[in-house]
Amino acid sequence: MRNAARRWTFRTAFASFFALLAILSVSVAAADASGQPTGITEEAGKMHDLYLLVLAIAVVVFVAVEGALVFALIRYRKRDDIEPKQIHGNNVLEIIWTTIPVVIVLVLFVFSFVVLVDIEDDADPLDLTVEVQGFQYQWAFTYNLNDAGKGGNASATGTVEIIGTADKEPELVIPIGEKVEFKLKSNDVIHSFYVRDFLYKLDVVPGRDNAFAVTANELGVFRGQCAELCGLNHALMRFTLKVVTRAEFDAFLAANTKPEKAAAAGR
Ligand SMILES: [Cu+2]
């Protein structure tokens with residue numbers, strides 16, 4: 001009778017364990033569909049994959065730990081007053097449960113580091129550079145015409161400056177399929193340059209030159225904002241990111257080049 005009961009609890013524990021495993025596997029598979037954004041840049045794609053890797057490892061760890069816990073609770077619950085066999089440590093088990101977390105941390109470190117290096121990679125000379133200045137309480141985006149990326153004119157002079165005001169949020173325009181480096185600067189307090197669809201944000205720190213680069217792979221209009229509480233009107237530090245074709249980008253630069261600077265460029 002007792003053996004039958006024990007077999008029953010054993011089976012129940014295993015059945016619950018595999019049911020939980022199945023539910024969680026389905027949730028991981030559905031992670032994409034459940035609203036985790038995939039981003040609009042090549043780099044964001046890599047970050048999204050990293051997220052799924054972390055999620056998959058977390059699910060396996062969760063199921064293993066909770067499964068072992070539920071199993072032990074049922075299988076070894078108190079049935080009578082006989083003292084169970086006393087065990088003092090198990091070296092093999094201790095080595096296993098120390099090694100597994102170390103391996104997990106190392107794997108996550110290596111994958112994260114590779115992706116981070118890729119994002120903070122120095123742009124090569126052909127890439128477009130945009131200087132991003134955060135100030136209380138808006139953004140200024142500066143394009144150097146001699147550093148306008150593929151098809152740009154390296155001997156051009158002058159700049160295009162897009163400065164946001166409280167009444168008019170600025171538009172940050174970048175071409176699709178080209179690596180764009182953002183150089184972040186601040187002269188007052190710490191801001192944070194954040195476009196949700198980059199799946200990445202970086203602080204804008206006075207006295208420190210932070211930079212990162214992305215290659216947009218989706219046309220469209222996206223929202224950006226300061227993500228660091230920087231003062232009373234922090235909430236006004238919103239901007240629009242517009243990913244356009246190269247032709248539209250050239251037209252944007254031409255339309256915003258100040259006449260005197262264009263004249264200087266012609267001299
Ligand atoms: Cu701010």
# chains A, B, ... in the order shown; residues from 1 in each chain; ligands from 1
call {"tool": "closest_atom_pairs", "arguments": {"of": "chain A", "to": "ligand 1", "cutoff": "6 Å", "atoms": "only C-alpha atoms and all ligand atoms", "output": "CSV"}}
result
residue,atom,partner,partner_atom_place_in_ligand_line,distance
A:His191,CA,ligand 1,1 (Cu),4.3
A:Cys226,CA,ligand 1,1 (Cu),4.5
A:Glu228,CA,ligand 1,1 (Cu),5.2
A:Leu229,CA,ligand 1,1 (Cu),5.5
A:Cys230,CA,ligand 1,1 (Cu),4.2
A:His234,CA,ligand 1,1 (Cu),4.6
A:Met237,CA,ligand 1,1 (Cu),5.9
call {"tool": "write_last_selection", "arguments": {"atoms": "N, CA and C atoms", "output": "CSV table (one decimal), in the first residue's frame"}}
result
chain,number,residue,atom,x,y,z
A,191,HIS,N,22.6,63.2,-19.3
A,191,HIS,CA,21.4,62.9,-20.0
A,191,HIS,C,21.6,61.4,-20.5
A,226,CYS,N,15.1,61.4,-23.8
A,226,CYS,CA,16.2,61.4,-22.7
A,226,CYS,C,15.7,60.4,-21.7
A,228,GLU,N,17.3,59.8,-18.7
A,228,GLU,CA,18.0,60.1,-17.4
A,228,GLU,C,17.3,61.3,-16.8
A,229,LEU,N,16.7,61.2,-15.6
A,229,LEU,CA,16.1,62.4,-15.1
A,229,LEU,C,17.1,63.5,-14.9
A,230,CYS,N,17.0,64.6,-15.7
A,230,CYS,CA,18.1,65.5,-15.8
A,230,CYS,C,17.6,66.9,-15.3
A,234,HIS,N,12.8,67.6,-18.0
A,234,HIS,CA,13.4,66.3,-18.6
A,234,HIS,C,12.4,65.7,-19.5
A,237,MET,N,12.4,66.4,-23.3
A,237,MET,CA,13.5,66.0,-24.1
A,237,MET,C,13.2,64.8,-25.0
call {"tool": "closest_residue", "arguments": {"among": "A:Ser192, A:Thr159, A:Thr245, A:Gln36", "to": "A:Glu218", "atoms": "only C-alpha atoms"}}
result
A:Thr245
call {"tool": "select_by_dssp", "arguments": {"residues": "stretch 33-240 of chain A", "states": "strand (DSSP E or B)", "output": "ChimeraX atom specification"}}
result
/A:41,128-135,138-148,159-163,171-175,179-186,191-195,200-204,210-216,220-226,238-240
call {"tool": "decode", "arguments": {"residues": "stretch 99-210 of chain A", "atoms": "C-alpha atoms", "output": "PDB file, in the first residue's frame"}}
result
ATOM      1  CA  THR A  99      30.432  24.477 -11.968  1.00  0.00           C
ATOM      2  CA  ILE A 100      27.111  25.002 -13.752  1.00  0.00           C
ATOM      3  CA  PRO A 101      26.596  28.650 -12.605  1.00  0.00           C
ATOM      4  CA  VAL A 102      30.251  29.448 -13.386  1.00  0.00           C
ATOM      5  CA  VAL A 103      29.826  28.069 -16.913  1.00  0.00           C
ATOM      6  CA  ILE A 104      26.539  30.021 -17.354  1.00  0.00           C
ATOM      7  CA  VAL A 105      28.175  33.286 -16.228  1.00  0.00           C
ATOM      8  CA  LEU A 106      31.148  32.695 -18.553  1.00  0.00           C
ATOM      9  CA  VAL A 107      28.900  31.941 -21.537  1.00  0.00           C
ATOM     10  CA  LEU A 108      26.784  35.086 -20.877  1.00  0.00           C
ATOM     11  CA  PHE A 109      29.922  37.189 -20.401  1.00  0.00           C
ATOM     12  CA  VAL A 110      31.464  36.068 -23.700  1.00  0.00           C
ATOM     13  CA  PHE A 111      28.277  36.530 -25.755  1.00  0.00           C
ATOM     14  CA  SER A 112      27.480  39.927 -24.152  1.00  0.00           C
ATOM     15  CA  PHE A 113      31.037  41.137 -24.619  1.00  0.00           C
ATOM     16  CA  VAL A 114      31.073  40.235 -28.326  1.00  0.00           C
ATOM     17  CA  VAL A 115      27.804  42.138 -28.912  1.00  0.00           C
ATOM     18  CA  LEU A 116      28.935  45.140 -26.836  1.00  0.00           C
ATOM     19  CA  VAL A 117      32.250  45.417 -28.690  1.00  0.00           C
ATOM     20  CA  ASP A 118      30.335  45.341 -31.958  1.00  0.00           C
ATOM     21  CA  ILE A 119      28.047  48.199 -30.873  1.00  0.00           C
ATOM     22  CA  GLU A 120      30.742  50.398 -29.376  1.00  0.00           C
ATOM     23  CA  ASP A 121      33.036  49.686 -32.307  1.00  0.00           C
ATOM     24  CA  ASP A 122      34.780  52.789 -33.680  1.00  0.00           C
ATOM     25  CA  ALA A 123      33.225  53.724 -36.977  1.00  0.00           C
ATOM     26  CA  ASP A 124      35.483  53.550 -40.022  1.00  0.00           C
ATOM     27  CA  PRO A 125      36.061  56.760 -42.019  1.00  0.00           C
ATOM     28  CA  LEU A 126      33.315  55.960 -44.530  1.00  0.00           C
ATOM     29  CA  ASP A 127      30.647  55.935 -41.849  1.00  0.00           C
ATOM     30  CA  LEU A 128      28.351  58.790 -41.102  1.00  0.00           C
ATOM     31  CA  THR A 129      28.980  60.564 -37.811  1.00  0.00           C
ATOM     32  CA  VAL A 130      26.317  62.488 -35.930  1.00  0.00           C
ATOM     33  CA  GLU A 131      27.207  64.580 -32.922  1.00  0.00           C
ATOM     34  CA  VAL A 132      24.456  64.377 -30.359  1.00  0.00           C
ATOM     35  CA  GLN A 133      24.426  67.056 -27.720  1.00  0.00           C
ATOM     36  CA  GLY A 134      22.044  66.800 -24.812  1.00  0.00           C
ATOM     37  CA  PHE A 135      21.261  70.013 -22.962  1.00  0.00           C
ATOM     38  CA  GLN A 136      18.633  71.196 -20.501  1.00  0.00           C
ATOM     39  CA  TYR A 137      16.107  70.568 -22.053  1.00  0.00           C
ATOM     40  CA  GLN A 138      16.490  69.368 -25.585  1.00  0.00           C
ATOM     41  CA  TRP A 139      18.843  67.831 -28.135  1.00  0.00           C
ATOM     42  CA  ALA A 140      21.071  69.209 -30.883  1.00  0.00           C
ATOM     43  CA  PHE A 141      22.120  66.933 -33.752  1.00  0.00           C
ATOM     44  CA  THR A 142      25.118  68.068 -35.798  1.00  0.00           C
ATOM     45  CA  TYR A 143      26.206  66.578 -39.125  1.00  0.00           C
ATOM     46  CA  ASN A 144      29.596  67.507 -40.548  1.00  0.00           C
ATOM     47  CA  LEU A 145      29.197  67.701 -44.302  1.00  0.00           C
ATOM     48  CA  ASN A 146      32.702  66.278 -44.820  1.00  0.00           C
ATOM     49  CA  ASP A 147      31.712  63.248 -42.740  1.00  0.00           C
ATOM     50  CA  ALA A 148      28.367  62.405 -44.288  1.00  0.00           C
ATOM     51  CA  GLY A 149      28.905  58.706 -44.915  1.00  0.00           C
ATOM     52  CA  LYS A 150      28.738  56.730 -48.145  1.00  0.00           C
ATOM     53  CA  GLY A 151      28.479  58.982 -51.167  1.00  0.00           C
ATOM     54  CA  GLY A 152      29.243  62.008 -49.018  1.00  0.00           C
ATOM     55  CA  ASN A 153      31.769  64.589 -50.162  1.00  0.00           C
ATOM     56  CA  ALA A 154      34.903  64.405 -47.972  1.00  0.00           C
ATOM     57  CA  SER A 155      36.051  67.868 -49.041  1.00  0.00           C
ATOM     58  CA  ALA A 156      32.743  69.558 -48.268  1.00  0.00           C
ATOM     59  CA  THR A 157      32.726  72.093 -45.470  1.00  0.00           C
ATOM     60  CA  GLY A 158      30.060  73.293 -43.099  1.00  0.00           C
ATOM     61  CA  THR A 159      27.618  71.571 -40.839  1.00  0.00           C
ATOM     62  CA  VAL A 160      23.939  70.871 -40.571  1.00  0.00           C
ATOM     63  CA  GLU A 161      22.545  71.556 -37.132  1.00  0.00           C
ATOM     64  CA  ILE A 162      19.159  70.428 -35.954  1.00  0.00           C
ATOM     65  CA  ILE A 163      18.386  72.000 -32.601  1.00  0.00           C
ATOM     66  CA  GLY A 164      15.291  71.123 -30.646  1.00  0.00           C
ATOM     67  CA  THR A 165      13.264  73.658 -28.704  1.00  0.00           C
ATOM     68  CA  ALA A 166      10.504  73.352 -26.131  1.00  0.00           C
ATOM     69  CA  ASP A 167       7.963  74.005 -28.896  1.00  0.00           C
ATOM     70  CA  LYS A 168       9.523  71.924 -31.632  1.00  0.00           C
ATOM     71  CA  GLU A 169      11.006  68.504 -31.028  1.00  0.00           C
ATOM     72  CA  PRO A 170      14.009  67.866 -33.270  1.00  0.00           C
ATOM     73  CA  GLU A 171      14.176  65.222 -35.975  1.00  0.00           C
ATOM     74  CA  LEU A 172      17.198  62.957 -36.154  1.00  0.00           C
ATOM     75  CA  VAL A 173      17.502  61.711 -39.730  1.00  0.00           C
ATOM     76  CA  ILE A 174      19.740  58.789 -40.686  1.00  0.00           C
ATOM     77  CA  PRO A 175      20.078  56.730 -43.887  1.00  0.00           C
ATOM     78  CA  ILE A 176      19.107  53.061 -43.983  1.00  0.00           C
ATOM     79  CA  GLY A 177      21.771  50.348 -44.417  1.00  0.00           C
ATOM     80  CA  GLU A 178      24.696  52.566 -43.406  1.00  0.00           C
ATOM     81  CA  LYS A 179      26.655  52.440 -40.222  1.00  0.00           C
ATOM     82  CA  VAL A 180      25.999  55.621 -38.263  1.00  0.00           C
ATOM     83  CA  GLU A 181      28.098  56.614 -35.300  1.00  0.00           C
ATOM     84  CA  PHE A 182      26.576  58.781 -32.571  1.00  0.00           C
ATOM     85  CA  LYS A 183      29.031  60.853 -30.577  1.00  0.00           C
ATOM     86  CA  LEU A 184      27.364  61.921 -27.359  1.00  0.00           C
ATOM     87  CA  LYS A 185      28.193  65.152 -25.580  1.00  0.00           C
ATOM     88  CA  SER A 186      26.804  67.218 -22.733  1.00  0.00           C
ATOM     89  CA  ASN A 187      27.907  70.515 -21.208  1.00  0.00           C
ATOM     90  CA  ASP A 188      25.494  70.599 -18.287  1.00  0.00           C
ATOM     91  CA  VAL A 189      24.229  67.435 -16.585  1.00  0.00           C
ATOM     92  CA  ILE A 190      23.978  63.729 -17.373  1.00  0.00           C
ATOM     93  CA  HIS A 191      21.377  62.860 -20.011  1.00  0.00           C
ATOM     94  CA  SER A 192      20.718  59.537 -21.702  1.00  0.00           C
ATOM     95  CA  PHE A 193      20.272  59.074 -25.435  1.00  0.00           C
ATOM     96  CA  TYR A 194      17.522  56.519 -25.876  1.00  0.00           C
ATOM     97  CA  VAL A 195      15.689  55.197 -28.914  1.00  0.00           C
ATOM     98  CA  ARG A 196      13.616  52.238 -27.829  1.00  0.00           C
ATOM     99  CA  ASP A 197      13.919  50.510 -31.195  1.00  0.00           C
ATOM    100  CA  PHE A 198      17.728  50.479 -30.966  1.00  0.00           C
ATOM    101  CA  LEU A 199      17.226  48.238 -27.895  1.00  0.00           C
ATOM    102  CA  TYR A 200      20.106  50.269 -26.510  1.00  0.00           C
ATOM    103  CA  LYS A 201      20.750  53.477 -24.656  1.00  0.00           C
ATOM    104  CA  LEU A 202      23.853  55.282 -23.586  1.00  0.00           C
ATOM    105  CA  ASP A 203      24.432  58.040 -21.034  1.00  0.00           C
ATOM    106  CA  VAL A 204      25.485  61.476 -22.228  1.00  0.00           C
ATOM    107  CA  VAL A 205      28.023  62.552 -19.629  1.00  0.00           C
ATOM    108  CA  PRO A 206      29.702  65.968 -19.276  1.00  0.00           C
ATOM    109  CA  GLY A 207      33.450  65.683 -19.851  1.00  0.00           C
ATOM    110  CA  ARG A 208      33.212  62.227 -21.330  1.00  0.00           C
ATOM    111  CA  ASP A 209      32.906  61.239 -24.986  1.00  0.00           C
ATOM    112  CA  ASN A 210      30.570  58.276 -25.274  1.00  0.00           C
TER     113      ASN A 210
END
